[in-house]
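Pasting model_13.cif here (mmCIF, C-alpha atoms):
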data_coords
#
loop_
_atom_site.label_atom_id
_atom_site.label_comp_id
_atom_site.auth_asym_id
_atom_site.auth_seq_id
_atom_site.Cartn_x
_atom_site.Cartn_y
_atom_site.Cartn_z
CA MET F 129 102.73 55.51 79.28
CA ARG F 130 104.77 54.85 76.15
CA ILE F 131 103.33 51.33 75.86
CA TRP F 132 99.74 52.64 75.87
CA PRO F 133 99.47 52.87 72.02
CA LEU F 134 100.56 49.23 71.83
CA PHE F 135 98.08 48.21 74.47
CA LEU F 136 95.08 49.97 72.84
CA PRO F 137 94.54 47.57 69.84
CA ALA F 138 94.62 44.57 72.12
CA LEU F 139 92.13 46.27 74.39
CA ALA F 140 89.86 46.98 71.43
CA LEU F 141 89.87 43.35 70.32
CA TRP F 142 89.17 42.18 73.83
CA ALA F 143 86.41 44.73 74.30
CA CYS F 144 84.57 43.75 71.12
CA SER F 145 84.09 40.23 72.43
CA SER F 146 83.69 41.10 76.09
CA LEU F 147 81.29 44.06 76.09
CA PRO F 148 77.81 43.15 77.36
CA HIS F 149 75.19 42.49 74.66
CA ASP F 150 71.50 41.59 74.67
CA GLY F 151 71.63 39.82 71.31
CA PRO F 152 73.43 39.67 67.97
CA SER F 153 74.30 42.87 66.14
CA GLY F 154 72.70 43.83 62.85
CA ARG F 155 75.91 42.95 60.99
CA THR F 156 75.69 39.35 62.20
CA PHE F 157 72.81 38.53 59.85
CA GLY F 158 74.64 39.51 56.67
CA LYS F 159 72.90 39.52 53.32
CA ALA F 160 69.65 37.81 52.41
CA ASP F 161 71.24 35.90 49.51
CA GLN F 162 73.61 33.94 51.74
CA PRO F 163 72.91 30.16 51.86
CA ALA F 164 70.41 29.23 54.57
CA ALA F 165 72.09 25.87 55.24
CA ALA F 166 75.16 27.53 56.73
CA LYS F 167 73.14 29.86 58.97
CA GLY F 168 70.37 27.51 59.99
CA TYR F 169 67.65 29.95 58.88
CA SER F 170 66.48 31.94 55.87
CA LEU F 171 66.81 35.72 55.84
CA VAL F 172 64.16 37.70 53.98
CA ASP F 173 64.44 41.45 53.39
CA LEU F 174 60.77 42.18 53.76
CA SER F 175 59.03 44.00 50.92
CA TYR F 176 55.44 45.12 50.48
CA ALA F 177 54.92 42.31 47.95
CA ASP F 178 56.19 39.75 50.49
CA ALA F 179 53.82 41.07 53.15
CA GLU F 180 50.89 40.83 50.74
CA ARG F 181 51.92 37.33 49.63
CA ILE F 182 52.02 36.15 53.25
CA ALA F 183 48.67 37.80 54.03
CA ALA F 184 47.11 35.98 51.07
CA MET F 185 47.89 32.62 52.71
CA PRO F 186 46.46 32.81 56.25
CA PRO F 187 47.08 29.86 58.59
CA PRO F 188 44.52 27.09 58.17
CA ALA F 189 41.82 27.75 60.71
CA LEU F 190 39.90 24.49 60.54
CA ALA F 191 40.70 21.00 61.69
CA GLY F 192 37.74 18.88 60.79
CA LEU F 193 34.63 20.00 62.67
CA ALA F 194 32.65 20.26 59.43
CA ALA F 195 33.08 16.52 58.92
CA ALA F 196 31.73 15.85 62.42
CA ALA F 197 28.17 17.00 61.71
CA SER F 198 25.64 14.51 63.09
CA THR F 199 22.59 13.07 61.38
CA LEU F 200 21.48 11.00 64.39
CA PRO F 201 18.02 11.69 65.88
CA ASN F 202 18.00 13.41 69.26
CA ASP F 203 14.33 12.99 70.20
CA ARG F 204 14.44 9.33 71.24
CA LEU F 205 13.86 8.12 74.78
CA GLY F 206 16.59 6.09 76.44
CA GLU F 207 17.70 4.43 79.63
CA GLY F 208 17.73 6.81 82.59
CA ASP F 209 15.34 9.36 81.08
CA VAL F 210 12.50 10.52 83.33
CA VAL F 211 8.97 10.91 81.96
CA ASP F 212 5.60 12.13 83.19
CA VAL F 213 2.66 9.97 82.08
CA ALA F 214 -0.93 11.28 82.20
CA ILE F 215 -3.84 8.93 81.42
CA TYR F 216 -7.40 10.08 80.76
CA GLU F 217 -10.36 7.72 80.51
CA PRO F 218 -13.52 9.36 79.15
CA GLY F 219 -15.88 6.63 80.35
CA GLY F 220 -14.34 6.17 83.78
CA MET F 221 -11.97 3.44 84.93
CA THR F 222 -13.51 1.91 88.01
CA SER F 223 -10.46 -0.22 88.71
CA PHE F 224 -8.15 2.83 88.61
CA THR F 225 -7.65 4.94 91.72
CA SER F 226 -7.73 8.43 90.25
CA THR F 227 -5.63 11.24 91.65
CA GLY F 228 -6.89 13.65 89.01
CA GLU F 229 -9.85 15.96 89.18
CA ALA F 230 -13.36 14.75 88.34
CA ARG F 231 -14.64 15.64 84.91
CA ALA F 232 -18.12 16.67 83.82
CA ASP F 233 -18.39 13.72 81.46
CA GLY F 234 -17.84 11.29 84.27
CA GLY F 235 -14.34 10.52 83.15
CA SER F 236 -11.17 10.90 85.15
CA SER F 237 -7.51 11.76 84.59
CA GLN F 238 -4.76 9.75 86.21
CA SER F 239 -1.23 11.11 86.63
CA VAL F 240 1.27 8.35 87.17
CA PRO F 241 4.27 9.38 89.35
CA ARG F 242 7.38 10.30 87.41
CA LEU F 243 8.89 7.22 85.89
CA THR F 244 12.50 6.40 85.02
CA ILE F 245 13.19 4.20 82.04
CA ASP F 246 14.99 1.13 83.38
CA LYS F 247 17.79 -0.96 81.85
CA SER F 248 15.30 -3.02 79.88
CA GLY F 249 13.90 0.15 78.32
CA CYS F 250 10.56 -0.12 80.13
CA VAL F 251 8.41 1.93 82.52
CA PRO F 252 5.79 0.41 84.88
CA ILE F 253 2.22 1.40 83.99
CA PRO F 254 -0.63 0.50 86.39
CA PHE F 255 -2.80 -2.36 85.09
CA ALA F 256 -0.55 -2.67 82.02
CA GLY F 257 2.72 -3.68 83.63
CA PRO F 258 6.12 -2.86 82.11
CA VAL F 259 5.81 -1.08 78.78
CA HIS F 260 8.84 -0.81 76.50
CA ILE F 261 9.35 2.79 75.29
CA GLN F 262 13.14 3.01 74.80
CA GLY F 263 14.10 4.28 71.36
CA MET F 264 10.69 5.91 70.84
CA THR F 265 9.63 9.54 70.67
CA VAL F 266 7.23 10.79 73.36
CA THR F 267 4.37 10.51 70.85
CA GLU F 268 5.29 6.92 70.03
CA ALA F 269 5.65 6.14 73.77
CA ALA F 270 2.12 7.45 74.42
CA GLU F 271 0.77 5.19 71.68
CA ALA F 272 2.64 2.20 73.15
CA ILE F 273 1.16 2.80 76.60
CA LYS F 274 -2.31 3.28 75.08
CA ALA F 275 -1.97 -0.03 73.28
CA ALA F 276 -0.92 -1.76 76.51
CA LEU F 277 -4.08 -0.47 78.25
CA ARG F 278 -6.49 -1.82 75.66
CA GLY F 279 -8.90 -4.26 77.24
CA ARG F 280 -8.16 -2.76 80.64
CA ALA F 281 -9.53 0.74 80.05
CA VAL F 282 -12.24 2.25 77.89
CA ASN F 283 -10.68 4.30 75.08
CA PRO F 284 -7.86 5.72 77.24
CA GLN F 285 -6.00 8.85 76.14
CA VAL F 286 -2.30 9.01 77.10
CA GLN F 287 0.14 11.91 77.20
CA VAL F 288 3.88 11.50 77.84
CA ASN F 289 6.19 14.42 78.70
CA LEU F 290 9.96 14.19 78.97
CA VAL F 291 11.15 15.90 82.18
CA GLY F 292 14.60 14.37 82.62
CA ASN F 293 16.48 14.33 79.30
CA PHE F 294 19.74 12.46 79.87
CA THR F 295 19.93 10.31 76.74
CA ASN F 296 19.72 13.25 74.34
CA SER F 297 22.20 15.60 75.97
CA VAL F 298 25.76 16.80 75.51
CA THR F 299 28.44 17.73 78.02
CA VAL F 300 30.16 21.12 77.92
CA MET F 301 33.41 21.70 79.80
CA GLY F 302 36.44 23.95 79.81
CA GLU F 303 36.46 27.72 79.35
CA VAL F 304 32.69 28.29 79.45
CA ARG F 305 30.67 30.17 82.02
CA SER F 306 28.41 27.23 82.87
CA VAL F 307 30.02 23.78 82.77
CA GLY F 308 27.65 20.84 82.69
CA ARG F 309 25.10 18.85 80.75
CA VAL F 310 22.93 20.54 78.11
CA PRO F 311 19.85 18.66 76.83
CA LEU F 312 19.15 18.43 73.12
CA THR F 313 15.67 18.93 71.71
CA PRO F 314 13.93 18.14 68.42
CA TYR F 315 15.09 21.61 67.36
CA ASN F 316 18.39 19.88 66.40
CA GLU F 317 20.78 22.17 68.26
CA ARG F 318 24.10 23.09 66.73
CA LEU F 319 27.40 23.81 68.41
CA LEU F 320 26.86 27.55 68.87
CA ASP F 321 23.36 26.93 70.26
CA VAL F 322 24.73 24.73 73.03
CA LEU F 323 27.63 27.08 73.78
CA ALA F 324 25.17 29.97 74.06
CA VAL F 325 23.14 27.97 76.60
CA ALA F 326 26.39 27.36 78.52
CA GLY F 327 27.02 31.11 78.68
CA GLY F 328 29.67 31.33 75.97
CA PRO F 329 33.46 31.33 76.37
CA THR F 330 35.14 33.08 79.29
CA LYS F 331 38.22 34.03 77.25
CA PRO F 332 38.68 35.92 73.97
CA PRO F 333 37.29 33.78 71.12
CA ALA F 334 40.57 34.02 69.17
CA ASP F 335 42.35 32.24 72.05
CA ILE F 336 39.82 29.39 72.33
CA THR F 337 40.05 26.00 70.61
CA VAL F 338 36.84 23.97 70.43
CA THR F 339 37.17 20.19 70.50
CA LEU F 340 34.21 17.92 69.77
CA VAL F 341 34.55 14.37 71.11
CA ARG F 342 32.19 11.68 69.82
CA GLY F 343 32.98 8.17 70.95
CA ASP F 344 36.58 7.37 69.99
CA THR F 345 36.91 10.23 67.51
CA GLN F 346 37.42 13.94 67.95
CA ALA F 347 37.81 17.08 65.85
CA SER F 348 39.01 20.58 66.70
CA ALA F 349 38.81 24.12 65.36
CA PRO F 350 39.38 27.66 66.66
CA PHE F 351 36.29 29.27 68.12
CA THR F 352 36.53 32.03 65.52
CA ALA F 353 36.02 29.39 62.81
CA LEU F 354 32.52 28.74 64.18
CA LEU F 355 31.73 32.42 63.83
CA ARG F 356 33.09 32.76 60.29
CA ARG F 357 31.90 29.55 58.63
CA SER F 358 28.45 28.07 58.96
CA ASP F 359 29.60 24.56 58.03
CA GLU F 360 31.80 24.48 61.14
CA ASN F 361 28.77 25.16 63.34
CA VAL F 362 27.86 21.49 63.20
CA ARG F 363 24.74 19.71 64.40
CA LEU F 364 25.38 17.74 67.59
CA ALA F 365 24.62 14.15 68.50
CA PRO F 366 23.56 12.69 71.87
CA HIS F 367 26.46 12.08 74.29
CA ASP F 368 28.83 14.46 72.47
CA GLN F 369 31.48 16.16 74.60
CA ILE F 370 32.39 19.78 73.86
CA ARG F 371 35.67 21.01 75.29
CA LEU F 372 36.85 24.62 75.14
CA LEU F 373 40.62 24.93 75.62
CA TYR F 374 42.29 28.26 76.34
CA ALA F 375 45.47 28.64 74.30
CA PRO F 376 46.57 32.30 74.50
CA ARG F 377 48.39 33.69 71.48
CA LYS F 378 51.53 35.62 72.41
CA TYR F 379 54.57 37.25 70.86
CA SER F 380 57.85 38.42 72.40
CA VAL F 381 59.81 41.64 72.02
CA PHE F 382 63.57 41.96 72.64
CA GLY F 383 66.33 44.46 72.00
CA ALA F 384 66.38 48.22 71.58
CA LEU F 385 62.73 49.05 72.10
CA GLY F 386 60.85 51.01 74.72
CA ARG F 387 60.32 47.86 76.80
CA VAL F 388 61.08 44.17 76.54
CA ASN F 389 58.13 41.90 77.26
CA GLU F 390 55.84 39.09 76.20
CA SER F 391 52.49 40.40 75.02
CA PRO F 392 49.18 38.73 74.16
CA ILE F 393 47.68 39.08 70.69
CA GLU F 394 44.44 40.55 71.95
CA ASP F 395 42.83 41.01 68.55
CA GLU F 396 43.08 39.45 65.13
CA GLY F 397 45.24 41.15 62.53
CA LEU F 398 47.87 42.62 64.86
CA THR F 399 50.52 44.15 62.59
CA LEU F 400 54.25 44.67 63.09
CA ALA F 401 53.69 48.42 63.30
CA GLU F 402 51.14 47.96 66.10
CA ALA F 403 53.40 45.51 67.96
CA ILE F 404 56.32 47.97 67.86
CA SER F 405 54.02 50.75 69.03
CA ARG F 406 52.77 48.68 71.97
CA ALA F 407 56.39 48.04 72.96
CA GLY F 408 57.02 51.77 73.22
CA GLY F 409 58.57 52.17 69.76
CA LEU F 410 62.23 51.95 68.82
CA ASP F 411 64.73 53.33 71.31
CA THR F 412 65.92 56.50 69.54
CA MET F 413 69.24 56.43 71.41
CA THR F 414 70.28 52.83 70.76
CA ALA F 415 68.13 51.10 68.10
CA ASN F 416 69.46 50.02 64.73
CA ALA F 417 66.38 51.07 62.77
CA ALA F 418 67.80 49.61 59.57
CA SER F 419 67.50 46.08 60.98
CA VAL F 420 64.12 45.36 62.61
CA LEU F 421 63.88 41.57 62.77
CA VAL F 422 60.99 39.12 63.14
CA PHE F 423 61.90 35.50 63.94
CA ARG F 424 59.29 32.94 62.92
CA PHE F 425 58.84 29.25 62.23
CA GLU F 426 57.06 29.72 58.92
CA ARG F 427 54.70 27.26 57.29
CA PRO F 428 56.35 25.35 54.42
CA THR F 429 53.70 26.54 51.96
CA VAL F 430 54.52 30.17 52.72
CA ALA F 431 58.26 29.48 52.58
CA ARG F 432 57.89 27.97 49.12
CA ALA F 433 55.82 30.95 47.97
CA LEU F 434 58.66 33.23 49.07
CA GLY F 435 61.21 31.12 47.17
CA LEU F 436 62.93 29.78 50.28
CA THR F 437 64.63 26.42 50.09
CA ALA F 438 65.64 25.90 53.73
CA PRO F 439 64.50 22.51 55.10
CA ALA F 440 61.57 22.48 57.47
CA THR F 441 61.84 21.53 61.14
CA PRO F 442 58.98 19.96 63.13
CA LYS F 443 57.86 23.51 64.00
CA GLY F 444 58.23 24.86 60.45
CA VAL F 445 60.84 26.64 58.34
CA PRO F 446 63.03 29.00 60.44
CA VAL F 447 62.80 32.43 58.82
CA VAL F 448 64.07 35.87 59.87
CA TYR F 449 62.20 38.76 58.30
CA ARG F 450 64.25 41.98 58.18
CA LEU F 451 62.77 45.44 57.73
CA ASN F 452 64.70 48.68 57.17
CA MET F 453 62.71 51.27 59.10
CA LEU F 454 64.92 54.06 57.75
CA GLN F 455 63.02 53.83 54.46
CA PRO F 456 59.58 55.53 54.34
CA VAL F 457 57.97 52.59 52.52
CA SER F 458 58.83 50.34 55.46
CA PHE F 459 56.02 51.91 57.49
CA PHE F 460 53.49 50.72 54.91
CA ILE F 461 55.11 47.29 55.01
CA ALA F 462 55.05 47.17 58.81
CA ASN F 463 51.38 48.09 58.76
CA SER F 464 50.65 45.17 56.38
CA PHE F 465 52.79 42.47 57.98
CA ALA F 466 50.68 40.50 60.46
CA ILE F 467 52.21 39.20 63.69
CA GLN F 468 51.53 35.53 64.36
CA PRO F 469 51.54 33.57 67.64
CA ASN F 470 55.05 32.83 68.99
CA ASP F 471 56.72 35.46 66.79
CA LEU F 472 59.84 37.08 68.25
CA ILE F 473 60.56 40.72 67.39
CA TYR F 474 64.17 41.78 67.90
CA VAL F 475 65.83 45.14 67.25
CA PRO F 476 69.66 45.06 67.58
CA ARG F 477 71.70 47.92 69.00
CA SER F 478 73.27 50.34 66.57
CA ASP F 479 77.02 50.38 65.86
CA SER F 480 77.30 53.78 67.51
CA THR F 481 75.91 52.29 70.70
CA GLU F 482 78.56 49.58 70.67
CA LEU F 483 81.21 52.22 69.99
CA ARG F 484 79.98 54.31 72.88
CA LYS F 485 80.23 51.28 75.16
CA PHE F 486 83.78 50.72 73.97
CA LEU F 487 84.79 54.34 74.51
CA GLU F 488 83.28 54.30 77.98
CA LEU F 489 85.36 51.22 78.72
CA VAL F 490 88.49 52.90 77.32
CA SER F 491 87.78 55.97 79.44
CA LEU F 492 87.42 53.81 82.53
CA VAL F 493 90.65 51.91 81.82
CA SER F 494 92.47 55.15 81.08
CA GLN F 495 91.34 56.63 84.36
CA VAL F 496 92.48 53.54 86.24
CA THR F 497 95.83 53.58 84.43
CA TYR F 498 96.29 57.26 85.19
CA ASN F 499 95.54 56.69 88.85
CA LEU F 500 98.09 53.86 89.00
CA THR F 501 100.89 55.71 87.22
CA VAL F 502 100.52 59.40 88.04
CA THR F 503 99.15 59.43 91.55
CA PRO F 504 102.23 57.72 93.15
CA VAL F 505 104.54 60.25 91.42
CA LEU F 506 102.55 63.16 92.79
CA LYS F 507 102.89 61.79 96.24
#
So, in terms of structure tokens, how does the structure I just supplied come out?
Amino acid sequence: MRIWPLFLPALALWACSSLPHDGPSGRTFGKADQPAAAKGYSLVDLSYADAERIAAMPPPALAGLAAAASTLPNDRLGEGDVVDVAIYEPGGMTSFTSTGEARADGGSSQSVPRLTIDKSGCVPIPFAGPVHIQGMTVTEAAEAIKAALRGRAVNPQVQVNLVGNFTNSVTVMGEVRSVGRVPLTPYNERLLDVLAVAGGPTKPPADITVTLVRGDTQASAPFTALLRRSDENVRLAPHDQIRLLYAPRKYSVFGALGRVNESPIEDEGLTLAEAISRAGGLDTMTANAASVLVFRFERPTVARALGLTAPATPKGVPVVYRLNMLQPVSFFIANSFAIQPNDLIYVPRSDSTELRKFLELVSLVSQVTYNLTVTPVLK
């Protein structure tokens, strides 16, 4: 028992490095003015001005859809389209076998069976033969057929209706309620028009990325950009592909909080205060409220605005934002600091918690030592 005082310091040193931990302590991060190069990250003691400065530079939401607006016509007939052709001859066409109803003026109407535009761009018209209508509007196609019937019919009247629109259509796929082909009309549909026809997205708009593919080029933007900016709701071109990709935004919570989990950012503008609240708040028995930390790969533009000089990685500038929740103003700051996708919120254990762990270990070792030394003597 006399050697116990000598053994205690060694035990303390061993315990400090051997006690279980769920992350670094608050002391590990040091002061914000320490060089970032040595630590591998920049430490920012978050102020209200910093939170406002970051909020004033939101992440860029657009990636080029505005430049993808089409000016191509979408009312032209093309290969594979299906048309109905109706021909009316006021004076009667004795050489035509009419399937239409008789008219009071002695004329007749002839409905040609539905025709598909072939590879040469033509449709077969009785008594006129193949008539080229590819690249025309339905009005121009009717005039072309009428011209082909001259000399074979007396003042024929022709009407053409498009019933199978495959040339002027776009394809919608991904996270929409109705995947498939959507025809374009002379109305000149825009992106939101087509997505509305497809039933809209099946996931929250903030988690959807819209990609427009046209030939060998493509452009992307968040779905919310289409709702906020009219120039992103671009006019579409025939054969465009619209892809909706689900990319859920999430953040993680570790340390001395009510629960540790990964949570979705279900709405825009989620703040640090709301994120802590959803995690059950700080653990009042163990949390170091003076050191609430947010780990983030920050955009270089924001890092420069905050005066940080740490070099950027491919993901961004590694920054740790620290907030002292023991100060009343910190609650205003937490309610202004927006959480971004892939943020990691960490609250270290307090020093008293580590001390309690150590004392519990000392108590356990003391009990074991007592059992080993005193119990045999008693026997």
| Selection dump of the PyMOL selection byres ((chain F and resi 368-372) around 9), as a list in words |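 Checking the PyMOL selection byres ((chain F and resi 368-372) around 9) against this file, the residues are Ser297, Val298, Thr299, Val300, Met301, Gly302, Glu303, Val304, Leu319, Leu323, Pro329, Ile336, Thr337, Val338, Thr339, Leu340, Val341, Arg342, Gly343, Phe351, Leu364, Ala365, Pro366, His367, Leu373 and Tyr374 of chain F.
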| Polymer residues at most 9 Å from segment 406-410 of chain F, all atoms listed in the file, same-chain spacing of 5 or more positions, as number ranges by chain | F: 381, 384-389, 391, 401, 415-417, 475
| field | One-decimal distance in Å that lies between atom CA of Ile215 of chain F and atom CA of Lys247 of chain F | value |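 Atom CA of Ile215 of chain F lies 23.8 Å from atom CA of Lys247 of chain F.
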| request: Between atom CA of Asn296 of chain F and atom CA of Thr267 of chain F, measure the distance and give it in Å to one decimal. | output: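 Result for atom CA of Asn296 of chain F versus atom CA of Thr267 of chain F: 16.0 Å, one decimal.
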| message | If the PyMOL selection byres ((chain F and resi 462-467) around 12) were run on this exact file, what residues would it hold? Put them as a count of residues only. | response | 58
| task | State, in Å with one decimal place, the distance from atom CA of Gln285 of chain F to atom CA of Asp209 of chain F. | result |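 Straight-line distance from atom CA of Gln285 of chain F to atom CA of Asp209 of chain F works out to 21.9 Å.
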